>>> print(open('upload11.csv').read())   # CSV, C-alpha atoms
chain,number,residue,atom,x,y,z
A,1,MET,CA,-133.0,-66.8,122.3
A,2,ASP,CA,-130.0,-64.4,122.1
A,3,PHE,CA,-127.2,-65.6,119.9
A,4,ASP,CA,-125.1,-62.4,120.2
A,5,LEU,CA,-121.7,-62.7,121.7
A,6,SER,CA,-121.1,-61.1,125.1
A,7,PRO,CA,-118.7,-58.1,125.1
A,8,GLU,CA,-115.9,-60.4,126.5
A,9,GLN,CA,-116.6,-63.0,123.8
A,10,ALA,CA,-116.6,-60.3,121.1
A,11,GLN,CA,-113.3,-59.0,122.4
A,12,LEU,CA,-111.9,-62.5,122.2
A,13,LYS,CA,-113.1,-62.9,118.7
A,14,ASP,CA,-111.5,-59.7,117.6
A,15,GLY,CA,-108.2,-60.5,119.3
A,16,VAL,CA,-107.8,-64.0,117.9
A,17,GLU,CA,-108.9,-63.0,114.4
A,18,ARG,CA,-106.3,-60.2,114.4
A,19,LEU,CA,-103.6,-62.6,115.6
A,20,ILE,CA,-104.4,-65.2,113.0
A,21,ALA,CA,-104.5,-62.6,110.2
A,22,ALA,CA,-101.1,-61.3,111.3
A,23,ASN,CA,-99.5,-64.8,111.4
A,24,TYR,CA,-101.1,-66.0,108.2
A,25,PRO,CA,-101.0,-63.0,105.8
A,26,SER,CA,-100.6,-65.2,102.7
A,27,LEU,CA,-100.7,-68.7,101.4
A,28,GLU,CA,-96.9,-68.6,100.9
A,29,VAL,CA,-96.4,-67.9,104.6
A,30,ARG,CA,-98.8,-70.8,105.5
A,31,GLN,CA,-96.9,-73.2,103.3
A,32,LYS,CA,-93.6,-72.2,104.8
A,33,LEU,CA,-94.9,-72.8,108.3
A,34,ALA,CA,-96.3,-76.2,107.2
A,35,ARG,CA,-92.8,-77.2,106.1
A,36,ALA,CA,-91.3,-76.3,109.6
A,37,PRO,CA,-90.2,-79.3,111.7
A,38,LEU,CA,-93.4,-79.2,113.8
A,39,GLY,CA,-95.7,-78.2,111.0
A,40,PHE,CA,-96.5,-74.9,112.6
A,41,SER,CA,-94.8,-71.9,114.2
A,42,GLU,CA,-93.6,-72.3,117.8
A,43,ARG,CA,-93.7,-68.5,118.1
A,44,GLY,CA,-97.4,-68.6,117.0
A,45,TRP,CA,-98.1,-71.2,119.7
A,46,ALA,CA,-96.4,-69.0,122.3
A,47,GLN,CA,-98.6,-66.1,121.2
A,48,PHE,CA,-101.7,-68.4,121.7
A,49,ALA,CA,-100.5,-69.0,125.3
A,50,GLU,CA,-99.9,-65.2,125.9
A,51,MET,CA,-103.4,-64.4,124.7
A,52,GLY,CA,-104.8,-67.1,127.1
A,53,LEU,CA,-106.3,-69.2,124.2
A,54,LEU,CA,-104.7,-72.4,125.5
A,55,GLY,CA,-106.4,-72.0,128.9
A,56,ILE,CA,-109.9,-71.3,127.7
A,57,PRO,CA,-111.6,-74.7,128.4
A,58,PHE,CA,-110.0,-75.1,131.9
A,59,SER,CA,-111.5,-73.7,135.0
A,60,GLU,CA,-109.7,-71.0,137.0
A,61,ALA,CA,-109.1,-73.5,139.8
A,62,GLU,CA,-107.3,-75.7,137.3
A,63,GLY,CA,-105.1,-72.8,136.1
A,64,GLY,CA,-107.2,-71.9,133.1
A,65,PHE,CA,-109.6,-69.0,132.3
A,66,GLY,CA,-113.0,-70.6,132.8
A,67,GLY,CA,-114.3,-70.4,129.3
A,68,GLY,CA,-116.8,-72.7,127.8
A,69,PRO,CA,-118.0,-74.1,124.4
A,70,VAL,CA,-118.9,-70.7,123.0
A,71,GLU,CA,-115.4,-69.4,123.7
A,72,THR,CA,-114.0,-72.5,122.0
A,73,LEU,CA,-116.3,-71.9,119.1
A,74,VAL,CA,-115.0,-68.3,118.7
A,75,VAL,CA,-111.4,-69.5,118.6
A,76,MET,CA,-112.0,-72.5,116.3
A,77,GLU,CA,-114.0,-70.3,113.8
A,78,ALA,CA,-111.1,-67.9,113.7
A,79,LEU,CA,-108.6,-70.8,113.1
A,80,GLY,CA,-110.8,-72.1,110.3
A,81,LYS,CA,-111.1,-68.6,108.7
A,82,GLY,CA,-107.3,-68.2,108.7
A,83,LEU,CA,-106.5,-71.9,107.8
A,84,ALA,CA,-104.3,-71.9,110.9
A,85,LEU,CA,-102.0,-74.9,111.5
A,86,GLU,CA,-101.5,-74.8,115.2
A,87,PRO,CA,-102.7,-78.0,116.9
A,88,TYR,CA,-105.4,-76.4,119.0
A,89,LEU,CA,-107.9,-79.2,118.4
A,90,ALA,CA,-105.4,-81.9,119.2
A,91,SER,CA,-103.8,-80.4,122.3
A,92,VAL,CA,-106.5,-78.2,123.9
A,93,VAL,CA,-109.8,-79.8,122.8
A,94,LEU,CA,-108.8,-83.5,122.7
A,95,GLY,CA,-105.8,-83.9,124.9
A,96,GLY,CA,-106.7,-81.1,127.3
A,97,GLY,CA,-110.3,-82.3,127.3
A,98,ALA,CA,-109.2,-85.8,128.4
A,99,LEU,CA,-107.4,-84.2,131.3
A,100,ARG,CA,-110.4,-82.0,132.2
A,101,LEU,CA,-112.9,-84.8,132.0
A,102,ALA,CA,-111.0,-87.7,133.6
A,103,GLY,CA,-107.8,-86.4,135.2
A,104,SER,CA,-107.2,-86.7,139.0
A,105,ALA,CA,-106.6,-83.6,141.1
A,106,GLU,CA,-102.9,-84.4,141.1
A,107,GLN,CA,-102.8,-84.9,137.3
A,108,LYS,CA,-104.6,-81.6,136.6
A,109,GLN,CA,-102.5,-79.7,139.0
A,110,ARG,CA,-99.3,-81.1,137.5
A,111,LEU,CA,-100.2,-80.9,133.8
A,112,ILE,CA,-102.8,-78.3,133.0
A,113,PRO,CA,-100.6,-75.2,133.9
A,114,ALA,CA,-98.0,-76.5,131.4
A,115,VAL,CA,-100.7,-76.9,128.7
A,116,VAL,CA,-102.0,-73.4,129.4
A,117,ASP,CA,-98.5,-71.8,129.2
A,118,GLY,CA,-97.7,-73.7,126.0
A,119,SER,CA,-94.8,-75.7,127.3
A,120,LEU,CA,-96.7,-79.0,127.0
A,121,ARG,CA,-98.6,-80.1,124.0
A,122,LEU,CA,-100.9,-83.1,124.1
A,123,ALA,CA,-102.4,-85.5,121.5
A,124,LEU,CA,-105.1,-88.2,121.6
A,125,ALA,CA,-103.9,-91.6,120.4
A,126,GLN,CA,-107.2,-93.3,119.9
A,127,THR,CA,-107.8,-94.5,116.3
A,128,GLU,CA,-106.7,-97.9,115.1
A,129,LYS,CA,-106.6,-99.1,111.5
A,130,GLN,CA,-109.5,-101.6,111.9
A,131,ALA,CA,-111.8,-99.3,113.9
A,132,ARG,CA,-112.9,-96.7,111.4
A,133,TYR,CA,-115.3,-94.5,113.5
A,134,ASP,CA,-116.1,-97.1,116.3
A,135,LEU,CA,-114.6,-95.7,119.5
A,136,ASN,CA,-115.0,-99.1,121.2
A,137,ASP,CA,-113.0,-101.0,118.6
A,138,ILE,CA,-109.7,-101.2,120.4
A,139,ALA,CA,-107.2,-104.0,120.0
A,140,MET,CA,-104.2,-102.3,121.7
A,141,THR,CA,-103.6,-103.9,125.1
A,142,ALA,CA,-102.5,-102.6,128.5
A,143,ARG,CA,-101.3,-105.5,130.7
A,144,LYS,CA,-101.2,-105.0,134.4
A,145,VAL,CA,-97.8,-105.5,136.0
A,146,GLU,CA,-96.4,-104.6,139.4
A,147,GLY,CA,-96.5,-100.8,139.8
A,148,GLY,CA,-98.1,-100.1,136.5
A,149,TYR,CA,-99.0,-101.4,133.0
A,150,VAL,CA,-97.3,-102.5,129.8
A,151,LEU,CA,-98.8,-101.2,126.5
A,152,ASP,CA,-98.6,-103.0,123.2
A,153,GLY,CA,-100.2,-102.2,119.9
A,154,ALA,CA,-100.5,-99.3,117.4
A,155,LYS,CA,-102.5,-96.2,116.8
A,156,SER,CA,-103.1,-94.5,113.4
A,157,VAL,CA,-103.7,-91.0,112.2
A,158,VAL,CA,-102.9,-89.4,115.6
A,159,LEU,CA,-103.6,-85.7,114.9
A,160,SER,CA,-100.4,-83.7,115.6
A,161,GLY,CA,-99.0,-86.8,117.3
A,162,ASP,CA,-95.4,-86.0,116.2
A,163,SER,CA,-95.4,-82.6,118.0
A,164,ALA,CA,-96.9,-83.7,121.3
A,165,GLY,CA,-94.9,-84.1,124.5
A,166,LEU,CA,-97.5,-86.3,126.1
A,167,LEU,CA,-100.0,-88.7,124.6
A,168,VAL,CA,-103.4,-89.7,125.9
A,169,VAL,CA,-103.6,-93.3,124.8
A,170,SER,CA,-106.6,-95.7,124.8
A,171,ALA,CA,-105.9,-99.4,125.5
A,172,ARG,CA,-107.8,-102.5,126.5
A,173,THR,CA,-107.2,-103.7,130.0
A,174,SER,CA,-109.9,-106.4,129.7
A,175,GLY,CA,-112.6,-107.8,127.4
A,176,ALA,CA,-112.7,-108.5,123.7
A,177,ARG,CA,-111.7,-106.1,120.9
A,178,ARG,CA,-115.1,-104.5,120.5
A,179,ASP,CA,-116.4,-104.6,124.1
A,180,ALA,CA,-117.7,-101.4,125.6
A,181,GLN,CA,-116.1,-102.2,128.9
A,182,GLY,CA,-112.5,-102.7,129.6
A,183,ILE,CA,-111.1,-99.6,127.8
A,184,SER,CA,-108.7,-97.5,129.8
A,185,LEU,CA,-106.8,-94.2,129.2
A,186,PHE,CA,-103.2,-93.6,129.9
A,187,LEU,CA,-100.8,-90.7,129.9
A,188,VAL,CA,-97.7,-91.7,128.0
A,189,PRO,CA,-94.6,-89.4,127.5
A,190,ALA,CA,-93.6,-89.1,123.8
A,191,ASP,CA,-90.1,-90.2,124.7
A,192,ALA,CA,-91.1,-93.3,126.5
A,193,PRO,CA,-88.9,-96.4,125.8
A,194,GLY,CA,-90.6,-98.7,123.3
A,195,LEU,CA,-92.6,-95.9,121.7
A,196,ARG,CA,-92.2,-95.3,117.9
A,197,ILE,CA,-93.7,-92.2,116.4
A,198,THR,CA,-93.7,-91.7,112.6
A,199,GLY,CA,-95.0,-88.3,111.6
A,200,TYR,CA,-96.2,-87.2,108.2
A,201,PRO,CA,-98.1,-84.3,106.5
A,202,THR,CA,-101.8,-84.7,105.9
A,203,GLN,CA,-103.7,-83.6,102.8
A,204,ASP,CA,-104.9,-80.4,104.3
A,205,GLY,CA,-101.5,-79.1,105.4
A,206,GLY,CA,-101.6,-80.4,108.9
A,207,ARG,CA,-99.7,-83.2,110.6
A,208,ALA,CA,-100.5,-86.7,111.9
A,209,ALA,CA,-98.6,-89.7,113.1
A,210,GLU,CA,-98.5,-93.5,113.2
A,211,ILE,CA,-97.5,-94.6,116.7
A,212,GLY,CA,-96.3,-98.0,117.7
A,213,PHE,CA,-96.1,-99.3,121.3
A,214,ALA,CA,-93.8,-102.2,122.0
A,215,GLY,CA,-93.6,-103.0,125.7
A,216,VAL,CA,-94.2,-99.4,126.7
A,217,ARG,CA,-94.3,-99.3,130.5
A,218,VAL,CA,-96.4,-96.7,132.4
A,219,ALA,CA,-96.9,-96.3,136.1
A,220,ASP,CA,-100.2,-96.7,138.0
A,221,ALA,CA,-100.2,-92.9,138.4
A,222,ASP,CA,-100.4,-92.6,134.6
A,223,LEU,CA,-103.9,-94.2,134.5
A,224,LEU,CA,-106.3,-91.4,133.4
A,225,GLY,CA,-109.7,-91.9,135.0
A,226,GLU,CA,-111.1,-95.3,136.1
A,227,GLU,CA,-109.7,-98.5,134.8
A,228,GLY,CA,-112.0,-100.0,132.2
A,229,LYS,CA,-114.3,-97.0,132.1
A,230,GLY,CA,-112.6,-95.0,129.3
A,231,LEU,CA,-115.2,-95.3,126.6
A,232,SER,CA,-117.5,-92.7,128.1
A,233,VAL,CA,-114.6,-90.3,128.2
A,234,LEU,CA,-113.8,-91.0,124.5
A,235,GLN,CA,-117.4,-90.4,123.6
A,236,ARG,CA,-117.4,-87.0,125.3
A,237,LEU,CA,-114.1,-86.1,123.6
A,238,SER,CA,-115.6,-87.0,120.2
A,239,GLU,CA,-118.6,-84.8,120.9
A,240,HIS,CA,-116.3,-81.9,121.9
A,241,ALA,CA,-114.2,-82.4,118.8
A,242,ILE,CA,-117.4,-82.4,116.6
A,243,ALA,CA,-118.5,-79.1,118.2
A,244,ALA,CA,-115.0,-77.6,117.7
A,245,LEU,CA,-114.8,-78.8,114.1
A,246,ALA,CA,-118.2,-77.4,113.3
A,247,ALA,CA,-117.0,-73.9,114.3
A,248,GLU,CA,-113.7,-74.4,112.3
A,249,ALA,CA,-115.7,-75.4,109.3
A,250,VAL,CA,-117.9,-72.4,109.5
A,251,GLY,CA,-114.9,-70.1,109.6
A,252,ALA,CA,-113.4,-71.9,106.6
A,253,MET,CA,-116.6,-71.9,104.6
A,254,ALA,CA,-117.2,-68.2,105.3
A,255,ALA,CA,-113.8,-67.4,104.0
A,256,LEU,CA,-114.2,-69.6,100.9
A,257,HIS,CA,-117.6,-68.1,100.1
A,258,ALA,CA,-116.2,-64.6,100.4
A,259,LEU,CA,-113.3,-65.6,98.1
A,260,THR,CA,-115.7,-67.1,95.6
A,261,VAL,CA,-118.0,-64.1,95.5
A,262,ASP,CA,-115.0,-61.7,95.0
A,263,TYR,CA,-113.8,-63.9,92.1
A,264,LEU,CA,-117.3,-63.7,90.5
A,265,LYS,CA,-117.1,-59.9,90.7
A,266,THR,CA,-113.6,-59.7,89.1
A,267,ARG,CA,-113.4,-62.5,86.6
A,268,THR,CA,-114.7,-61.3,83.2
A,269,GLN,CA,-116.2,-63.2,80.3
A,270,PHE,CA,-118.0,-61.9,77.2
A,271,GLY,CA,-117.0,-58.4,78.3
A,272,MET,CA,-118.6,-58.5,81.8
A,273,PRO,CA,-118.0,-59.9,85.3
A,274,ILE,CA,-119.2,-63.5,85.4
A,275,GLY,CA,-121.1,-62.6,88.6
A,276,ASN,CA,-123.6,-60.8,86.3
A,277,PHE,CA,-124.9,-64.1,85.1
A,278,GLN,CA,-127.9,-65.0,87.2
A,279,VAL,CA,-127.3,-68.8,87.3
A,280,LEU,CA,-123.9,-68.1,89.0
A,281,GLN,CA,-125.5,-65.7,91.4
A,282,HIS,CA,-128.0,-68.5,92.4
A,283,ARG,CA,-125.1,-70.9,93.0
A,284,ALA,CA,-123.4,-68.4,95.2
A,285,VAL,CA,-126.6,-68.0,97.2
A,286,ASP,CA,-126.8,-71.8,97.6
A,287,MET,CA,-123.3,-71.6,99.1
A,288,LEU,CA,-124.5,-68.9,101.5
A,289,ILE,CA,-127.6,-70.9,102.5
A,290,ALA,CA,-125.4,-73.9,103.3
A,291,LEU,CA,-123.0,-71.7,105.3
A,292,GLU,CA,-125.8,-70.2,107.4
A,293,GLN,CA,-127.3,-73.7,108.0
A,294,ALA,CA,-123.9,-74.8,109.2
A,295,ARG,CA,-123.5,-71.7,111.4
A,296,SER,CA,-126.8,-72.4,113.1
A,297,MET,CA,-125.8,-76.0,113.7
A,298,ALA,CA,-122.4,-75.0,115.0
A,299,PHE,CA,-124.1,-72.8,117.7
A,300,TYR,CA,-126.5,-75.7,118.4
A,301,ALA,CA,-123.5,-78.0,118.9
A,302,ALA,CA,-121.9,-75.5,121.2
A,303,MET,CA,-125.1,-75.3,123.3
A,304,MET,CA,-125.6,-79.1,123.5
A,305,VAL,CA,-122.0,-80.3,124.0
A,306,GLU,CA,-122.3,-79.9,127.8
A,307,HIS,CA,-125.9,-81.1,128.0
A,308,ASP,CA,-126.5,-83.5,130.9
A,309,GLU,CA,-128.6,-86.1,129.1
A,310,ALA,CA,-126.2,-88.4,127.2
A,311,GLN,CA,-128.5,-89.7,124.5
A,312,GLU,CA,-130.0,-86.3,123.7
A,313,ARG,CA,-126.5,-84.8,123.6
A,314,ALA,CA,-125.2,-87.6,121.3
A,315,ALA,CA,-128.1,-87.2,118.9
A,316,ALA,CA,-127.7,-83.5,118.8
A,317,LEU,CA,-123.9,-83.6,118.0
A,318,SER,CA,-124.5,-86.3,115.3
A,319,ALA,CA,-127.2,-84.1,113.7
A,320,ALA,CA,-124.8,-81.1,113.8
A,321,LYS,CA,-122.1,-83.2,112.1
A,322,VAL,CA,-124.4,-84.3,109.4
A,323,GLN,CA,-125.3,-80.7,108.5
A,324,ILE,CA,-121.7,-79.6,108.8
A,325,ASN,CA,-120.5,-82.4,106.5
A,326,ARG,CA,-123.2,-81.6,103.9
A,327,SER,CA,-122.4,-77.9,104.0
A,328,CYS,CA,-118.6,-78.6,103.7
A,329,ARG,CA,-119.2,-80.6,100.6
A,330,LEU,CA,-121.6,-78.2,98.9
A,331,VAL,CA,-119.6,-75.1,99.6
A,332,GLY,CA,-116.3,-76.7,98.7
A,333,GLN,CA,-117.5,-78.2,95.5
A,334,GLU,CA,-119.4,-75.1,94.4
A,335,ALA,CA,-116.3,-73.0,95.1
A,336,VAL,CA,-114.2,-75.2,92.8
A,337,GLN,CA,-116.9,-75.2,90.1
A,338,LEU,CA,-117.4,-71.4,90.2
A,339,HIS,CA,-113.6,-70.7,90.1
A,340,GLY,CA,-113.0,-73.1,87.2
A,341,GLY,CA,-109.5,-74.6,86.9
A,342,ILE,CA,-107.9,-72.3,89.4
A,343,GLY,CA,-110.1,-73.7,92.1
A,344,MET,CA,-108.0,-76.9,92.2
A,345,THR,CA,-104.7,-75.1,91.8
A,346,MET,CA,-102.4,-75.6,94.8
A,347,GLU,CA,-101.0,-72.1,94.3
A,348,TYR,CA,-104.4,-70.7,95.0
A,349,ILE,CA,-105.6,-70.5,98.6
A,350,GLY,CA,-109.2,-71.5,97.7
A,351,ALA,CA,-108.0,-75.0,96.9
A,352,HIS,CA,-106.5,-75.3,100.4
A,353,TYR,CA,-109.8,-74.3,102.0
A,354,PHE,CA,-111.5,-77.0,99.9
A,355,LYS,CA,-109.0,-79.6,101.1
A,356,ARG,CA,-109.5,-78.7,104.8
A,357,LEU,CA,-113.3,-78.8,104.4
A,358,THR,CA,-112.9,-82.2,102.8
A,359,MET,CA,-110.8,-83.4,105.7
A,360,ILE,CA,-113.3,-82.1,108.3
A,361,GLU,CA,-116.1,-84.0,106.5
A,362,SER,CA,-114.4,-87.3,107.4
A,363,LEU,CA,-113.0,-86.5,110.9
A,364,PHE,CA,-114.9,-88.0,113.8
A,365,GLY,CA,-117.5,-89.6,111.6
A,366,ASP,CA,-118.7,-89.1,108.0
A,367,THR,CA,-122.3,-88.3,107.0
A,368,PRO,CA,-123.6,-91.9,106.8
A,369,HIS,CA,-122.1,-92.8,110.2
A,370,HIS,CA,-123.8,-89.9,111.9
A,371,LEU,CA,-127.1,-90.3,110.0
A,372,ARG,CA,-127.3,-93.8,111.4
A,373,ARG,CA,-126.7,-92.5,114.9
A,374,VAL,CA,-129.4,-89.9,114.6
A,375,ALA,CA,-131.8,-92.5,113.2
A,376,ALA,CA,-131.0,-95.0,116.0
A,377,ALA,CA,-131.7,-92.3,118.5
A,378,GLY,CA,-135.2,-91.7,117.0
A,379,GLY,CA,-134.3,-88.3,115.5
A,380,LEU,CA,-134.1,-85.0,117.2
A,381,VAL,CA,-137.8,-84.4,117.6
A,382,ALA,CA,-139.8,-86.8,119.8
>>> encode(input="upload11.csv", output="structure tokens")
Amino acid sequence: MDFDLSPEQAQLKDGVERLIAANYPSLEVRQKLARAPLGFSERGWAQFAEMGLLGIPFSEAEGGFGGGPVETLVVMEALGKGLALEPYLASVVLGGGALRLAGSAEQKQRLIPAVVDGSLRLALAQTEKQARYDLNDIAMTARKVEGGYVLDGAKSVVLSGDSAGLLVVSARTSGARRDAQGISLFLVPADAPGLRITGYPTQDGGRAAEIGFAGVRVADADLLGEEGKGLSVLQRLSEHAIAALAAEAVGAMAALHALTVDYLKTRTQFGMPIGNFQVLQHRAVDMLIALEQARSMAFYAAMMVEHDEAQERAAALSAAKVQINRSCRLVGQEAVQLHGGIGMTMEYIGAHYFKRLTMIESLFGDTPHHLRRVAAAGGLVA
């Protein structure tokens, strides 16, 4: 099996890495961008649009560039390597993915071009406080009224929810709180009456929001997909998010490993670089092994995320997330140990890689959650 990138994919990789390196030349610049009103640079977002990065997952017929999971992997790995703050996961992978998977022809024609040119950002408002990782645990309601629906409830930890112009919101149109059926998706403008958005910084330097819905009215045309059939879309979005996060984690781990090895070569003790000590070399090799295991599973996730068989696809993505989580923890913790005290210093960029890897480990399911899913599926090998 050939894992080499095509010439076009290699060109994309080179271009996006150069863009991220230019926009994030130092930790000081990143911290300044994180303090901006949106939590990232609008100029940088416009550059993403100019390069065509925002249109990668969408077909040419939809106004995009007809890329696939591998192209998304290339972009996400570069974002991880540079610790980029742009809401690519929230807007393109999650919000854009919902449009791509469930949107009507009219909705796609109206909204996707605006996503691609950067004038519209999306966010997925799915998580509720009581739900943890259960996608079907939805208490928020959507009551049918003449001409539309009325939404009541709350969503938590909405990634980049305070910088989105349009929210993809899950709500229950029928059934009990944990039923698989009765979940519907809606497109809700961020300035809709009755909507309350409270944004805040996350531990890794990004942004999230708590969003309240009090009698928020949407039209029938704002229903995304079939009424009551939204769970399958949410499951697919979770799988795409896992594949994207796997690639981002690989980029961040590769950068942190290189940073750690460079530190071992330059930090001296007892009159010599500490990298001369064999025990520290072994630990650096352990980091490299974990990184390469994660890289393999990131490619596996990219190959399986569009697989036709739902159960096999779900087991594969959960298995990938288990390995990614384990590698994130090992690489992050070893980096801190090998750096010593500086490894947890917020003035040092290594600590910020560690924080992002820790966040990725818990996003869209932690290790025990996905181990249970793999076990329930009977494992990866029949």
>>> closest_atom_pairs(input="upload11.csv", of="region 296-329 of chain A", to="region 251-264 of chain A", cutoff="12 Å", atoms="all atoms listed in the file", output="tab-separated table")
residue	atom	partner	partner_atom	distance
A:Ala298	CA	A:Gly251	CA	10.5
A:Ile324	CA	A:Met253	CA	10.1
A:Asn325	CA	A:Met253	CA	11.4
A:Arg326	CA	A:Met253	CA	11.8
A:Ser327	CA	A:Met253	CA	8.4
A:Cys328	CA	A:Met253	CA	7.0
A:Arg329	CA	A:Met253	CA	9.9
>>> residues_around(input="upload11.csv", residues="Glu312 (chain A)", least_positions_apart="6", cutoff="12 Å", atoms="all atoms listed in the file", output="PyMOL selection string")
chain A and resi 239+301+304-306+318-319+373-374+376-382
>>> residues_near_point(input="upload11.csv", point="(-124.4, -73.9, 120.2)", cutoff="9 Å", atoms="all atoms listed in the file", output="PyMOL selection string")
chain A and resi 3+69-70+73+243+296-305
>>> residues_near_point(input="upload11.csv", point="(-111.9, -99.0, 127.2)", cutoff="9 Å", atoms="all atoms listed in the file", output="VMD selection string")
chain A and resid 135 to 138 170 to 175 179 to 185 227 to 232 234
>>> residues_around(input="upload11.csv", residues="Asp366 (chain A)", least_positions_apart="5", cutoff="8 Å", atoms="all atoms listed in the file", output="count of residues only")
4
>>> residues_around(input="upload11.csv", residues="Leu195 (chain A)", least_positions_apart="6", cutoff="9 Å", atoms="all atoms listed in the file", output="PyMOL selection string")
chain A and resi 189+211-216
>>> residues_around(input="upload11.csv", residues="Gly118 (chain A)", least_positions_apart="5", cutoff="7 Å", atoms="only C-alpha atoms", output="list in words")
Trp45, Ala46 and Ala49 of chain A
>>> write_last_selection(input="upload11.csv", atoms="C-alpha atoms", output="compact mmCIF listing (two decimals), keeping the file's coordinate frame")
# COMPACT_ATOMS: atom_id res chain seq x y z
CA TRP A 45 -98.10 -71.20 119.70
CA ALA A 46 -96.40 -69.00 122.30
CA ALA A 49 -100.50 -69.00 125.30
>>> closest_residue(input="upload11.csv", among="A:Met346, A:Val250, A:Leu167, A:Ala219", to="Ala90 (chain A)", atoms="only C-alpha atoms")
A:Leu167
>>> closest_residue(input="upload11.csv", among="A:Ala315, A:Leu19, A:Ala190, A:Ala123", to="Tyr88 (chain A)", atoms="all atoms listed in the file")
A:Ala123
>>> atom_distance(input="upload11.csv", atom1="CA of His352 (chain A)", atom2="CA of Glu50 (chain A)")
28.2 Å
>>> closest_atom_pairs(input="upload11.csv", of="region 294-368 of chain A", to="region 274-289 of chain A", cutoff="8 Å", atoms="all atoms listed in the file", output="tab-separated table")
residue	atom	partner	partner_atom	distance
A:Leu330	CA	A:Met287	CA	6.8
A:Val331	CA	A:Met287	CA	5.1
A:Glu334	CA	A:Met287	CA	7.0
A:Leu338	CA	A:Leu280	CA	7.4
>>> closest_residue(input="upload11.csv", among="A:Phe58, A:Ile349, A:Val92, A:Lys13", to="Val29 (chain A)", atoms="only C-alpha atoms")
A:Ile349
>>> closest_residue(input="upload11.csv", among="A:Met76, A:Met140, A:Val233, A:Val168", to="Leu101 (chain A)", atoms="only C-alpha atoms")
A:Val233
>>> closest_residue(input="upload11.csv", among="A:Arg356, A:Arg217, A:Arg100, A:His370", to="Leu83 (chain A)", atoms="only C-alpha atoms")
A:Arg356
>>> decode(input="upload11.csv", residues="region 30-41 of chain A", atoms="N, CA, C and O atoms", output="PDB file, in the first residue's frame")
ATOM      1  N   ARG A  30       1.611  33.979  18.892  1.00  0.00           N
ATOM      2  CA  ARG A  30       0.429  33.151  19.138  1.00  0.00           C
ATOM      3  C   ARG A  30      -0.383  33.679  20.315  1.00  0.00           C
ATOM      4  O   ARG A  30      -1.624  33.739  20.254  1.00  0.00           O
ATOM      5  N   GLN A  31       0.278  34.050  21.378  1.00  0.00           N
ATOM      6  CA  GLN A  31      -0.428  34.553  22.553  1.00  0.00           C
ATOM      7  C   GLN A  31      -1.131  35.875  22.250  1.00  0.00           C
ATOM      8  O   GLN A  31      -2.231  36.121  22.754  1.00  0.00           O
ATOM      9  N   LYS A  32      -0.520  36.693  21.429  1.00  0.00           N
ATOM     10  CA  LYS A  32      -1.157  37.948  21.040  1.00  0.00           C
ATOM     11  C   LYS A  32      -2.413  37.676  20.220  1.00  0.00           C
ATOM     12  O   LYS A  32      -3.458  38.308  20.431  1.00  0.00           O
ATOM     13  N   LEU A  33      -2.337  36.727  19.294  1.00  0.00           N
ATOM     14  CA  LEU A  33      -3.507  36.372  18.489  1.00  0.00           C
ATOM     15  C   LEU A  33      -4.608  35.773  19.358  1.00  0.00           C
ATOM     16  O   LEU A  33      -5.794  36.027  19.132  1.00  0.00           O
ATOM     17  N   ALA A  34      -4.231  34.985  20.354  1.00  0.00           N
ATOM     18  CA  ALA A  34      -5.219  34.372  21.245  1.00  0.00           C
ATOM     19  C   ALA A  34      -5.978  35.422  22.051  1.00  0.00           C
ATOM     20  O   ALA A  34      -7.123  35.194  22.448  1.00  0.00           O
ATOM     21  N   ARG A  35      -5.347  36.580  22.281  1.00  0.00           N
ATOM     22  CA  ARG A  35      -6.011  37.652  23.037  1.00  0.00           C
ATOM     23  C   ARG A  35      -6.878  38.544  22.153  1.00  0.00           C
ATOM     24  O   ARG A  35      -7.570  39.430  22.661  1.00  0.00           O
ATOM     25  N   ALA A  36      -6.863  38.322  20.836  1.00  0.00           N
ATOM     26  CA  ALA A  36      -7.697  39.099  19.922  1.00  0.00           C
ATOM     27  C   ALA A  36      -9.174  38.809  20.205  1.00  0.00           C
ATOM     28  O   ALA A  36      -9.516  37.779  20.801  1.00  0.00           O
ATOM     29  N   PRO A  37     -10.075  39.691  19.779  1.00  0.00           N
ATOM     30  CA  PRO A  37     -11.506  39.503  20.079  1.00  0.00           C
ATOM     31  C   PRO A  37     -12.059  38.149  19.658  1.00  0.00           C
ATOM     32  O   PRO A  37     -12.870  37.556  20.371  1.00  0.00           O
ATOM     33  N   LEU A  38     -11.626  37.632  18.513  1.00  0.00           N
ATOM     34  CA  LEU A  38     -12.117  36.345  18.039  1.00  0.00           C
ATOM     35  C   LEU A  38     -11.270  35.176  18.520  1.00  0.00           C
ATOM     36  O   LEU A  38     -11.665  34.018  18.358  1.00  0.00           O
ATOM     37  N   GLY A  39     -10.105  35.459  19.064  1.00  0.00           N
ATOM     38  CA  GLY A  39      -9.202  34.396  19.491  1.00  0.00           C
ATOM     39  C   GLY A  39      -8.284  33.912  18.395  1.00  0.00           C
ATOM     40  O   GLY A  39      -7.553  32.930  18.581  1.00  0.00           O
ATOM     41  N   PHE A  40      -8.283  34.566  17.264  1.00  0.00           N
ATOM     42  CA  PHE A  40      -7.403  34.246  16.140  1.00  0.00           C
ATOM     43  C   PHE A  40      -7.380  35.448  15.206  1.00  0.00           C
ATOM     44  O   PHE A  40      -8.111  36.426  15.417  1.00  0.00           O
ATOM     45  N   SER A  41      -6.564  35.381  14.164  1.00  0.00           N
ATOM     46  CA  SER A  41      -6.420  36.489  13.235  1.00  0.00           C
ATOM     47  C   SER A  41      -7.410  36.369  12.078  1.00  0.00           C
ATOM     48  O   SER A  41      -7.429  35.356  11.376  1.00  0.00           O
TER      49      SER A  41
END
